[in-house]
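To start, the structure itself, in structure tokens.
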There are 2 protein chains.
Amino acid sequence: MPGAVRVPSAGSAMLHEIAPRSGVAFTMEKGQRLTVIDPMGEQVADLLAFSRADTREVISSGRSLDYLSRIFLTVPDPLYSNRSNVLMRIVEDTVGRHDFLLTPCSADTFRIIYGDETPHRGCFGNLAAALEPYGIEPDRIPVAFNVFMNVPVDGTTGELKVLPPLSKAGDRIVLEAETDLIIGLTACSALQSNNGSFKPIHYRVD
Amino acid sequence: MPGAVRVPSAGSAMLHEIAPRSGVAFTMEKGQRLTVIDPMGEQVADLLAFSRADTREVISSGRSLDYLSRIFLTVPDPLYSNRSNVLMRIVEDTVGRHDFLLTPCSADTFRIIYGDETPHRGCFGNLAAALEPYGIEPDRIPVAFNVFMNVPVDGTTGELKVLPPLSKAGDRIVLEAETDLIIGLTACSALQSNNGSFKPIHYRVD
């Protein structure tokens, strides 16, 4: 799997490592569970889920926030698709703070927000490359479910801040697939999202 | 133009009326201005903008909120696309409260949130029908810029509420096109969004 290194695991399912500032894509069957682990703490993983039956169906922040009447998701919240189907459901969560407002960081993000002249391709570029073999074009990448990302909103002014994640080493979230899926997943590339240092992400499917 | 009625106007540009619970699509040239008016007060208009050069490029809530670090947009904020280009810019705004979190209401919205057994097709269905002649498929409809929609967020719990719009009769927002666009625009179909009564929306392009 490009960008992923197999890591020895005590459990039955293989634990994979996503290297800092990289991303992977893989498939899941209905009923399987994806465990995303922050091995060092304060790291973010951008998560996308597309329906394998028709990759034009993808998770939708706008549908999910509308149906849940909440911007912060945790157990047992579903991730709805743009067709209002439940693609995944959060079944375990040791952190309780994730973001569902922002698109994956990209070369443009680093250019616009950080002023980088030779910007990294970011989670967006990593996801686009990882999803390309599945026939998913970059323009189909929506707002991601940004695991462990800590983006509080000031209810009065509407101002949002990207703060260090609340996750500590070993914290995890587990999502169950409600249909066959193609998953995109990253170890986030933006300094602001992970308190200033690039770290790996671990994951497991079982 | 399907769903739009021409309304006499004192100005040079034609004022159009979008009937309650309907929607329209039309083109704009770079530099033109779209004025959206709430003729009776407390009504919402879902706005979409696609690039005419390539309709896979569309406004992106996730990019816009990220670059602006704010969930509430007003003058002189830009609406960024999924490719991080500015498609429109807000140049006048007599209300100052719009939503950029939620997808257009749909038959599924009315089924899931309102429990309707024979639901209306909603703004989503109206936009899909209006955009079909431009070759834009329903799955390409993202989070809309929901003009006049009042969705405050509790910064602590993340809870969001759909409250009556702050717009009064005659209030308006004006957006300038920064490139050639295809616009989708509705008079919103959800009771919750417009304080319980279905009303028209007026607009003008000049």
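In the structure tokens, each chain is lettered A, B, ... as it comes, each chain's residues begin at 1, and ligands are numbered from 1 in order of appearance.
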Legend entry - Near-Ile112 (chain B) list (10 Å; only C-alpha atoms; drop same-chain fewer than 6 positions) as a count of residues only: 4
Please, which residues in chain B fall within 8 Å of chain A when counting only C-alpha atoms, and what is the closest atom pair and distance in Å to one decimal for each, ordered by chain then residue number, as CSV?
```
residue,atom,partner,partner_atom,distance
B:Arg56,CA,A:Asp139,CA,6.3
B:Glu57,CA,A:Asp139,CA,7.0
B:Ser61,CA,A:Leu102,CA,7.6
B:Gly62,CA,A:Leu102,CA,4.1
B:Arg63,CA,A:Thr103,CA,5.7
B:Leu65,CA,A:Leu102,CA,6.8
B:Asp66,CA,A:Leu102,CA,5.9
B:Tyr67,CA,A:Ile113,CA,6.6
B:Ser69,CA,A:Leu160,CA,5.1
B:Arg70,CA,A:Glu159,CA,4.2
B:Ile71,CA,A:Gly158,CA,5.0
B:Phe72,CA,A:Gly158,CA,5.4
B:Asn82,CA,A:Asp139,CA,6.7
B:Arg83,CA,A:Asp139,CA,7.6
B:Ser84,CA,A:Asp108,CA,6.5
B:Leu101,CA,A:Gly62,CA,5.7
B:Leu102,CA,A:Gly62,CA,4.1
B:Thr103,CA,A:Gly62,CA,4.5
B:Asp108,CA,A:Ser84,CA,6.5
B:Thr109,CA,A:Tyr67,CA,7.5
B:Ile112,CA,A:Tyr67,CA,7.2
B:Ile113,CA,A:Tyr67,CA,6.6
B:Asp139,CA,A:Arg56,CA,6.3
B:Arg140,CA,A:Arg140,CA,7.9
B:Pro142,CA,A:Gly62,CA,7.8
B:Val143,CA,A:Gly62,CA,5.5
B:Pro152,CA,A:Gly155,CA,6.5
B:Val153,CA,A:Gly155,CA,5.1
B:Asp154,CA,A:Gly155,CA,5.2
B:Gly155,CA,A:Gly155,CA,4.8
B:Thr156,CA,A:Pro152,CA,7.9
B:Thr157,CA,A:Phe72,CA,7.6
B:Gly158,CA,A:Ile71,CA,5.0
B:Glu159,CA,A:Arg70,CA,4.2
B:Leu160,CA,A:Ser69,CA,5.1
B:Lys161,CA,A:Ser69,CA,6.6
```
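Distances to His120 (chain A) were evaluated for A:Asn146, A:Ser197, A:Ser189, A:Ser51 using only C-alpha atoms, and the minimum falls at A:Ser189.
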Inset, instruction - Within 9 Å of Phe26 (chain A), counting only C-alpha atoms, which residues show up once you throw out same-chain ones fewer than 5 positions away? Write them as a VMD selection string, please. - result: chain A and resid 1 130 to 131 181 to 185
Please dump the current selection as a compact mmCIF listing (two decimals), in the first residue's frame; keep N, CA, C and O atoms.
```
# COMPACT_ATOMS: atom_id res chain seq x y z
N MET A 1 0.86 -1.19 0.00
CA MET A 1 0.00 0.00 0.00
C MET A 1 0.90 1.24 0.00
O MET A 1 1.72 1.39 0.91
N ALA A 130 -3.59 9.21 -3.77
CA ALA A 130 -3.97 7.89 -3.27
C ALA A 130 -5.30 7.42 -3.87
O ALA A 130 -5.53 6.22 -4.05
N LEU A 131 -6.19 8.36 -4.19
CA LEU A 131 -7.52 8.00 -4.70
C LEU A 131 -7.54 7.85 -6.22
O LEU A 131 -8.48 7.28 -6.77
N LEU A 181 -16.80 0.47 1.03
CA LEU A 181 -16.25 1.82 0.93
C LEU A 181 -14.85 1.84 0.32
O LEU A 181 -14.11 0.85 0.39
N ILE A 182 -14.49 2.98 -0.24
CA ILE A 182 -13.10 3.34 -0.51
C ILE A 182 -12.76 4.45 0.48
O ILE A 182 -13.46 5.46 0.57
N ILE A 183 -11.68 4.24 1.23
CA ILE A 183 -11.28 5.18 2.27
C ILE A 183 -10.02 5.92 1.83
O ILE A 183 -9.10 5.32 1.28
N GLY A 184 -9.98 7.22 2.07
CA GLY A 184 -8.76 8.01 1.98
C GLY A 184 -8.40 8.47 3.38
O GLY A 184 -9.29 8.88 4.14
N LEU A 185 -7.11 8.38 3.74
CA LEU A 185 -6.70 8.70 5.12
C LEU A 185 -5.28 9.26 5.10
O LEU A 185 -4.42 8.75 4.39
```
Which polymer residues have any atom within 8 Å of an atom of Ala177 (chain B), counting only C-alpha atoms, with same-chain residues fewer than 5 positions away left out, as a short mmCIF file (atom, residue, chain, number, x, y, z; two decimals) with C-alpha atoms, in the first residue's frame?
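Once everything was written out, this is selection_7.cif:
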```cif
data_model
loop_
_atom_site.label_atom_id
_atom_site.label_comp_id
_atom_site.auth_asym_id
_atom_site.auth_seq_id
_atom_site.Cartn_x
_atom_site.Cartn_y
_atom_site.Cartn_z
CA MET B 28 -23.18 35.56 -15.12
CA GLU B 29 -20.17 37.22 -16.76
CA LYS B 30 -17.05 38.16 -14.85
CA GLY B 31 -17.58 41.59 -13.26
CA GLN B 32 -21.38 41.37 -13.12
CA ARG B 33 -23.16 41.73 -9.81
CA LEU B 34 -25.89 39.50 -8.43
CA LEU B 87 -15.55 32.73 -7.68
CA MET B 88 -17.57 35.55 -6.08
CA ARG B 89 -17.05 38.32 -3.56
#
```
Inset, instruction - Check region 22-185 of chain A with DSSP on the backbone and list each residue it calls helix (DSSP H, G or I), as a PyMOL selection string. - result: chain A and resi 61-68+107-114+122-134+138-140
Inset, instruction - Might you pull out every residue within 12 Å of region 15-23 of chain A, with only C-alpha atoms counted and same-chain residues fewer than 4 positions away left off, and present them as a ChimeraX atom specification? - result: /A:1-11,34-40,43-48,104-106,120-131,183-191,193-194,197-206
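Among the candidate residues A:Thr118, A:Phe50, A:Gly96, A:Arg111, the one lying nearest to Lys168 (chain A) is A:Gly96, with distances computed using only C-alpha atoms.
Note that CA of Glu176 (chain A) and CA of Val147 (chain A) are 14.4 Å apart.
Going from CA of Gly135 (chain A) to CA of Ala25 (chain A) covers 11.8 Å.
Of all the residues in region 71-152 of chain A, the ones DSSP labels as strand (DSSP E or B) from the backbone are A:Pro78, A:Leu79, A:Tyr80, A:Ser81, A:Val86, A:Leu87, A:Met88, A:Arg89, A:Ile90, A:Val91, A:Glu92, A:Asp93, A:Asp99, A:Phe145, A:Asn146, A:Val147, A:Asn150.
The gap separating CA of Asp77 (chain B) from CA of Val24 (chain B) is 24.2 Å, in Å to one decimal.
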